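Student: File target04.pdb follows (PDB, C-alpha atoms, pLDDT in the B column):
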```pdb
MODEL        1
ATOM      1  CA  MET F   1      33.462  35.094 -48.236  1.00 52.00           C
ATOM      2  CA  THR F   2      36.838  33.717 -47.244  1.00 47.00           C
ATOM      3  CA  PRO F   3      37.106  30.377 -45.442  1.00 44.00           C
ATOM      4  CA  ARG F   4      38.338  32.193 -42.344  1.00 44.00           C
ATOM      5  CA  THR F   5      35.331  34.573 -42.370  1.00 41.00           C
ATOM      6  CA  ARG F   6      32.976  31.648 -42.960  1.00 43.00           C
ATOM      7  CA  ILE F   7      34.416  29.751 -39.966  1.00 42.00           C
ATOM      8  CA  ALA F   8      34.113  32.883 -37.796  1.00 41.00           C
ATOM      9  CA  ALA F   9      30.489  33.411 -38.888  1.00 44.00           C
ATOM     10  CA  VAL F  10      29.552  29.783 -38.195  1.00 39.00           C
ATOM     11  CA  GLY F  11      31.308  29.940 -34.840  1.00 44.00           C
ATOM     12  CA  ALA F  12      29.444  33.125 -33.892  1.00 41.00           C
ATOM     13  CA  ALA F  13      26.134  31.570 -34.960  1.00 42.00           C
ATOM     14  CA  VAL F  14      26.802  28.509 -32.813  1.00 38.00           C
ATOM     15  CA  VAL F  15      27.686  30.677 -29.804  1.00 38.00           C
ATOM     16  CA  PHE F  16      24.564  32.820 -30.220  1.00 40.00           C
ATOM     17  CA  ALA F  17      22.326  29.778 -30.773  1.00 41.00           C
ATOM     18  CA  ALA F  18      23.723  28.060 -27.713  1.00 41.00           C
ATOM     19  CA  ALA F  19      23.524  31.174 -25.551  1.00 42.00           C
ATOM     20  CA  THR F  20      19.962  32.144 -26.461  1.00 40.00           C
ATOM     21  CA  PRO F  21      18.146  29.342 -24.564  1.00 40.00           C
ATOM     22  CA  VAL F  22      20.447  29.794 -21.576  1.00 40.00           C
ATOM     23  CA  ALA F  23      19.645  33.496 -21.424  1.00 42.00           C
ATOM     24  CA  ALA F  24      15.925  32.777 -21.777  1.00 40.00           C
ATOM     25  CA  TYR F  25      16.006  30.097 -19.068  1.00 38.00           C
ATOM     26  CA  ALA F  26      18.093  32.320 -16.799  1.00 44.00           C
ATOM     27  CA  ALA F  27      15.504  35.069 -17.128  1.00 45.00           C
ATOM     28  CA  LEU F  28      12.790  32.609 -16.055  1.00 48.00           C
ATOM     29  CA  ASP F  29      15.042  30.915 -13.480  1.00 56.00           C
ATOM     30  CA  THR F  30      13.638  27.529 -14.496  1.00 58.00           C
ATOM     31  CA  GLY F  31      16.076  26.260 -17.066  1.00 62.00           C
ATOM     32  CA  PRO F  32      18.502  23.383 -17.208  1.00 62.00           C
ATOM     33  CA  GLU F  33      21.189  25.162 -15.213  1.00 65.00           C
ATOM     34  CA  THR F  34      18.700  25.816 -12.387  1.00 58.00           C
ATOM     35  CA  VAL F  35      17.600  22.191 -12.348  1.00 58.00           C
ATOM     36  CA  ALA F  36      21.213  20.996 -12.473  1.00 67.00           C
ATOM     37  CA  ALA F  37      22.040  23.241  -9.495  1.00 71.00           C
ATOM     38  CA  VAL F  38      19.359  21.574  -7.363  1.00 71.00           C
ATOM     39  CA  PRO F  39      20.372  18.162  -6.033  1.00 77.00           C
ATOM     40  CA  ALA F  40      18.041  15.282  -6.855  1.00 82.00           C
ATOM     41  CA  ARG F  41      15.824  14.593  -3.885  1.00 88.00           C
ATOM     42  CA  GLY F  42      13.766  11.614  -2.892  1.00 93.00           C
ATOM     43  CA  ALA F  43      13.422   8.127  -4.200  1.00 95.00           C
ATOM     44  CA  ALA F  44      12.024   6.767  -7.449  1.00 96.00           C
ATOM     45  CA  TYR F  45       8.258   6.446  -7.126  1.00 97.00           C
ATOM     46  CA  VAL F  46       5.236   5.953  -9.339  1.00 98.00           C
ATOM     47  CA  GLU F  47       2.410   8.469  -9.155  1.00 98.00           C
ATOM     48  CA  THR F  48      -0.910   6.927 -10.125  1.00 98.00           C
ATOM     49  CA  ARG F  49      -3.904   9.191 -10.529  1.00 98.00           C
ATOM     50  CA  LEU F  50      -7.370   7.656 -10.698  1.00 98.00           C
ATOM     51  CA  PHE F  51     -10.361   9.674 -11.926  1.00 98.00           C
ATOM     52  CA  PHE F  52     -13.748   8.657 -10.544  1.00 97.00           C
ATOM     53  CA  GLY F  53     -16.926  10.063 -12.065  1.00 95.00           C
ATOM     54  CA  THR F  54     -20.103  10.324 -10.016  1.00 96.00           C
ATOM     55  CA  GLY F  55     -22.780  10.484 -12.709  1.00 93.00           C
ATOM     56  CA  ARG F  56     -24.636   7.300 -13.562  1.00 87.00           C
ATOM     57  CA  PRO F  57     -25.220   6.432 -17.198  1.00 77.00           C
ATOM     58  CA  ASP F  58     -28.596   4.897 -16.389  1.00 76.00           C
ATOM     59  CA  GLY F  59     -29.834   8.245 -15.071  1.00 80.00           C
ATOM     60  CA  GLY F  60     -29.788   7.113 -11.439  1.00 86.00           C
ATOM     61  CA  PRO F  61     -28.729   9.415  -8.628  1.00 93.00           C
ATOM     62  CA  PRO F  62     -25.066  10.450  -8.694  1.00 95.00           C
ATOM     63  CA  VAL F  63     -22.564   8.882  -6.309  1.00 97.00           C
ATOM     64  CA  THR F  64     -22.635  11.019  -3.157  1.00 97.00           C
ATOM     65  CA  GLU F  65     -19.603  12.250  -1.250  1.00 97.00           C
ATOM     66  CA  LYS F  66     -20.554   9.941   1.618  1.00 98.00           C
ATOM     67  CA  GLN F  67     -20.687   6.946  -0.738  1.00 98.00           C
ATOM     68  CA  PHE F  68     -17.384   7.856  -2.350  1.00 98.00           C
ATOM     69  CA  LEU F  69     -15.586   8.309   0.984  1.00 98.00           C
ATOM     70  CA  ALA F  70     -16.981   4.965   2.162  1.00 98.00           C
ATOM     71  CA  PHE F  71     -15.596   3.423  -1.039  1.00 98.00           C
ATOM     72  CA  VAL F  72     -12.203   4.966  -0.276  1.00 98.00           C
ATOM     73  CA  ASP F  73     -12.298   3.621   3.292  1.00 98.00           C
ATOM     74  CA  ARG F  74     -13.323   0.093   2.284  1.00 98.00           C
ATOM     75  CA  THR F  75     -11.626  -0.401  -1.061  1.00 98.00           C
ATOM     76  CA  ILE F  76      -8.657   1.951  -1.519  1.00 98.00           C
ATOM     77  CA  THR F  77      -7.258   2.520   1.979  1.00 98.00           C
ATOM     78  CA  PRO F  78      -6.729  -1.189   2.763  1.00 97.00           C
ATOM     79  CA  ARG F  79      -4.610  -1.455  -0.408  1.00 97.00           C
ATOM     80  CA  PHE F  80      -2.734   1.831   0.208  1.00 97.00           C
ATOM     81  CA  PRO F  81      -2.621   2.329   3.980  1.00 96.00           C
ATOM     82  CA  ALA F  82       0.516   4.517   3.767  1.00 94.00           C
ATOM     83  CA  GLY F  83      -1.582   7.376   2.377  1.00 95.00           C
ATOM     84  CA  LEU F  84      -3.309   8.946  -0.584  1.00 97.00           C
ATOM     85  CA  THR F  85      -4.729  12.283  -1.678  1.00 98.00           C
ATOM     86  CA  ILE F  86      -8.296  12.982  -2.800  1.00 98.00           C
ATOM     87  CA  ARG F  87      -9.103  16.006  -4.952  1.00 98.00           C
ATOM     88  CA  ASP F  88     -12.596  17.221  -5.795  1.00 96.00           C
ATOM     89  CA  GLY F  89     -13.145  17.977  -9.441  1.00 95.00           C
ATOM     90  CA  ARG F  90     -15.499  18.675 -12.280  1.00 95.00           C
ATOM     91  CA  GLY F  91     -14.983  16.447 -15.267  1.00 91.00           C
ATOM     92  CA  GLN F  92     -16.299  15.820 -18.705  1.00 91.00           C
ATOM     93  CA  TRP F  93     -15.875  12.991 -21.125  1.00 84.00           C
ATOM     94  CA  ARG F  94     -17.490  11.464 -24.188  1.00 87.00           C
ATOM     95  CA  ASP F  95     -19.580   8.395 -23.403  1.00 81.00           C
ATOM     96  CA  ARG F  96     -20.004   5.326 -25.611  1.00 81.00           C
ATOM     97  CA  SER F  97     -22.940   6.865 -27.437  1.00 85.00           C
ATOM     98  CA  GLY F  98     -20.884   9.987 -28.267  1.00 89.00           C
ATOM     99  CA  ALA F  99     -22.574  12.361 -25.834  1.00 87.00           C
ATOM    100  CA  ILE F 100     -20.478  14.757 -23.746  1.00 90.00           C
ATOM    101  CA  GLU F 101     -21.109  14.016 -20.083  1.00 86.00           C
ATOM    102  CA  ARG F 102     -20.294  16.535 -17.337  1.00 91.00           C
ATOM    103  CA  GLU F 103     -20.145  15.475 -13.722  1.00 93.00           C
ATOM    104  CA  ARG F 104     -18.642  15.975 -10.336  1.00 96.00           C
ATOM    105  CA  SER F 105     -15.542  13.817 -10.027  1.00 97.00           C
ATOM    106  CA  TYR F 106     -12.818  12.769  -7.644  1.00 98.00           C
ATOM    107  CA  GLU F 107      -9.135  12.355  -8.365  1.00 98.00           C
ATOM    108  CA  VAL F 108      -7.234   9.975  -6.098  1.00 98.00           C
ATOM    109  CA  VAL F 109      -3.443  10.301  -6.112  1.00 98.00           C
ATOM    110  CA  LEU F 110      -1.401   7.280  -5.041  1.00 98.00           C
ATOM    111  CA  LEU F 111       2.381   7.346  -4.555  1.00 98.00           C
ATOM    112  CA  TYR F 112       4.392   4.157  -4.165  1.00 97.00           C
ATOM    113  CA  PRO F 113       7.999   3.078  -4.697  1.00 97.00           C
ATOM    114  CA  VAL F 114       8.906   1.854  -8.170  1.00 97.00           C
ATOM    115  CA  SER F 115       9.985  -1.405  -6.545  1.00 97.00           C
ATOM    116  CA  GLU F 116       6.337  -1.986  -5.527  1.00 97.00           C
ATOM    117  CA  ALA F 117       4.771  -1.147  -8.905  1.00 97.00           C
ATOM    118  CA  ARG F 118       4.305  -4.755 -10.010  1.00 97.00           C
ATOM    119  CA  ALA F 119       2.539  -5.626  -6.733  1.00 97.00           C
ATOM    120  CA  HIS F 120       0.314  -2.530  -6.791  1.00 98.00           C
ATOM    121  CA  ASP F 121      -0.833  -2.834 -10.413  1.00 98.00           C
ATOM    122  CA  PRO F 122      -3.431  -5.593  -9.783  1.00 98.00           C
ATOM    123  CA  GLN F 123      -4.614  -3.759  -6.650  1.00 98.00           C
ATOM    124  CA  ILE F 124      -5.195  -0.591  -8.660  1.00 98.00           C
ATOM    125  CA  GLU F 125      -7.008  -2.507 -11.377  1.00 98.00           C
ATOM    126  CA  ARG F 126      -9.211  -4.117  -8.708  1.00 98.00           C
ATOM    127  CA  ILE F 127     -10.088  -0.650  -7.328  1.00 98.00           C
ATOM    128  CA  ARG F 128     -11.130   0.468 -10.809  1.00 98.00           C
ATOM    129  CA  THR F 129     -13.198  -2.655 -11.458  1.00 98.00           C
ATOM    130  CA  VAL F 130     -14.992  -2.525  -8.099  1.00 98.00           C
ATOM    131  CA  TYR F 131     -15.974   1.144  -8.590  1.00 98.00           C
ATOM    132  CA  GLU F 132     -17.133   0.568 -12.172  1.00 97.00           C
ATOM    133  CA  ARG F 133     -19.356  -2.321 -11.119  1.00 96.00           C
ATOM    134  CA  LYS F 134     -20.625  -0.861  -7.858  1.00 96.00           C
ATOM    135  CA  TYR F 135     -21.599   2.511  -9.363  1.00 95.00           C
ATOM    136  CA  ALA F 136     -22.418   1.489 -12.977  1.00 92.00           C
ATOM    137  CA  GLN F 137     -19.510   3.450 -14.476  1.00 92.00           C
ATOM    138  CA  GLU F 138     -18.200   2.941 -17.997  1.00 90.00           C
ATOM    139  CA  SER F 139     -14.654   3.468 -16.753  1.00 92.00           C
ATOM    140  CA  VAL F 140     -12.300   4.865 -14.136  1.00 97.00           C
ATOM    141  CA  ALA F 141      -9.432   6.666 -15.854  1.00 96.00           C
ATOM    142  CA  ARG F 142      -5.863   5.916 -14.781  1.00 98.00           C
ATOM    143  CA  ALA F 143      -2.703   7.966 -15.363  1.00 98.00           C
ATOM    144  CA  ASP F 144       0.746   6.764 -14.263  1.00 98.00           C
ATOM    145  CA  ALA F 145       3.913   8.865 -14.156  1.00 98.00           C
ATOM    146  CA  ALA F 146       7.418   8.585 -12.787  1.00 97.00           C
ATOM    147  CA  ALA F 147       8.112  10.778  -9.776  1.00 96.00           C
ATOM    148  CA  ARG F 148      10.865  11.594  -7.283  1.00 95.00           C
ATOM    149  CA  VAL F 149       9.378  11.605  -3.783  1.00 95.00           C
ATOM    150  CA  ASP F 150      10.836  12.755  -0.484  1.00 93.00           C
ATOM    151  CA  PHE F 151       8.888  12.678   2.777  1.00 91.00           C
TER     152      PHE F 151
ENDMDL
END
```
Spell out the structure here as structure tokens.
Tutor:
Amino acid sequence: MTPRTRIAAVGAAVVFAAATPVAAYAALDTGPETVAAVPARGAAYVETRLFFGTGRPDGGPPVTEKQFLAFVDRTITPRFPAGLTIRDGRGQWRDRSGAIERERSYEVVLLYPVSEARAHDPQIERIRTVYERKYAQESVARADAAARVDF
């Protein structure tokens, strides 16, 4: 193969390799060029999701919806009066003894500006601790993610 042919072949391979993802994304209409065409909206926020189980490891009665909503009213809402979302769920997890536990659960979604993250962290940890102690839970899971939020 001559150097000129080799350069042409490499160039063609680069063009095809570069074009393939674009064509695939264009077909799905979800690729980088679609995202780039949409202006960034909203402000930098943190999305914190808390996962509350309702089963009790000691075999006691599960936390009822009424009890959970009272917990939200007394413990979460005062710390996040701007709003939150509650989702009903079914969860499972492995307890300390290794058993798989299945239970009704609640997911609470909190959104707050990044600038308030340091102030909200101890409040969120307090929410987790209060629920764990009040309802004899091994843990309340927490997941944090960056988000762009526009109201």
Student: Mind pulling up the distance from atom CA of F:Gly42 to atom CA of F:Val140?
Tutor: 29.2 Å
Student: Could you tell me which residues the PyMOL selection byres ((chain F and resi 116-118) around 12) grabs in this file, written as a PyMOL selection string?
Tutor: chain F and resi 44-48+80+110-115+119-125+144-146
Student: So how many Å separate atom CA of F:Ala82 and atom CA of F:Val149, to one decimal?
Tutor: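 Result for atom CA of F:Ala82 versus atom CA of F:Val149: 13.6 Å, one decimal.
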Student: Mind running stretch 71-130 of chain F against stretch 53-66 of chain F at 12 Å and telling me each contacting residue's nearest atom pair with the distance in Å (one decimal), counting only C-alpha atoms, chain and number ascending, as JSON lines?
Tutor:
```
{"residue": "F:Phe71", "atom": "CA", "partner": "F:Lys66", "partner_atom": "CA", "distance": 8.6}
{"residue": "F:Val72", "atom": "CA", "partner": "F:Lys66", "partner_atom": "CA", "distance": 9.9}
{"residue": "F:Asp73", "atom": "CA", "partner": "F:Lys66", "partner_atom": "CA", "distance": 10.5}
{"residue": "F:Ile86", "atom": "CA", "partner": "F:Glu65", "partner_atom": "CA", "distance": 11.4}
{"residue": "F:Arg87", "atom": "CA", "partner": "F:Glu65", "partner_atom": "CA", "distance": 11.7}
{"residue": "F:Asp88", "atom": "CA", "partner": "F:Glu65", "partner_atom": "CA", "distance": 9.7}
{"residue": "F:Gly89", "atom": "CA", "partner": "F:Gly53", "partner_atom": "CA", "distance": 9.2}
{"residue": "F:Arg90", "atom": "CA", "partner": "F:Gly53", "partner_atom": "CA", "distance": 8.7}
{"residue": "F:Gly91", "atom": "CA", "partner": "F:Gly53", "partner_atom": "CA", "distance": 7.4}
{"residue": "F:Gln92", "atom": "CA", "partner": "F:Gly53", "partner_atom": "CA", "distance": 8.8}
{"residue": "F:Trp93", "atom": "CA", "partner": "F:Gly53", "partner_atom": "CA", "distance": 9.6}
{"residue": "F:Arg94", "atom": "CA", "partner": "F:Pro57", "partner_atom": "CA", "distance": 11.6}
{"residue": "F:Asp95", "atom": "CA", "partner": "F:Pro57", "partner_atom": "CA", "distance": 8.6}
{"residue": "F:Arg96", "atom": "CA", "partner": "F:Pro57", "partner_atom": "CA", "distance": 10.0}
{"residue": "F:Ser97", "atom": "CA", "partner": "F:Pro57", "partner_atom": "CA", "distance": 10.5}
{"residue": "F:Ala99", "atom": "CA", "partner": "F:Pro57", "partner_atom": "CA", "distance": 10.8}
{"residue": "F:Ile100", "atom": "CA", "partner": "F:Pro57", "partner_atom": "CA", "distance": 11.6}
{"residue": "F:Glu101", "atom": "CA", "partner": "F:Gly55", "partner_atom": "CA", "distance": 8.3}
{"residue": "F:Arg102", "atom": "CA", "partner": "F:Gly55", "partner_atom": "CA", "distance": 8.0}
{"residue": "F:Glu103", "atom": "CA", "partner": "F:Gly55", "partner_atom": "CA", "distance": 5.7}
{"residue": "F:Arg104", "atom": "CA", "partner": "F:Thr54", "partner_atom": "CA", "distance": 5.8}
{"residue": "F:Ser105", "atom": "CA", "partner": "F:Gly53", "partner_atom": "CA", "distance": 4.5}
{"residue": "F:Tyr106", "atom": "CA", "partner": "F:Gly53", "partner_atom": "CA", "distance": 6.6}
{"residue": "F:Glu107", "atom": "CA", "partner": "F:Gly53", "partner_atom": "CA", "distance": 8.9}
{"residue": "F:Val108", "atom": "CA", "partner": "F:Gly53", "partner_atom": "CA", "distance": 11.4}
{"residue": "F:Arg128", "atom": "CA", "partner": "F:Gly53", "partner_atom": "CA", "distance": 11.3}
```
Student: Quick one, how far is atom CA of F:Pro81 from atom CA of F:Gln137?
Tutor: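 About the pair atom CA of F:Pro81 and atom CA of F:Gln137: they are 25.0 Å apart.
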Student: Choose the residue, out of F:Val109, F:Ala43, F:Gly83, F:Gly98, that has the smallest atom-to-atom separation from F:Arg142; count all atoms listed in the file.
Tutor: F:Val109
Student: As lines of an AutoDock Vina configuration file, please report the centre and edge lengths, rounded to one decimal in Å, of the axis-aligned box that holds all listed atoms of stretch 86-92 of chain F with 4 Å of padding on each of the six sides.
Tutor:
```
center_x = -12.3
center_y = 15.8
center_z = -10.8
size_x = 16.0
size_y = 13.7
size_z = 23.9
```
Student: Taking all atoms listed in the file into account, which of F:Thr85, F:Gln67, F:Lys134, F:Arg148 comes nearest F:Phe51?
Tutor: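 Ranking F:Thr85, F:Gln67, F:Lys134, F:Arg148 by distance to F:Phe51, first place goes to F:Thr85.
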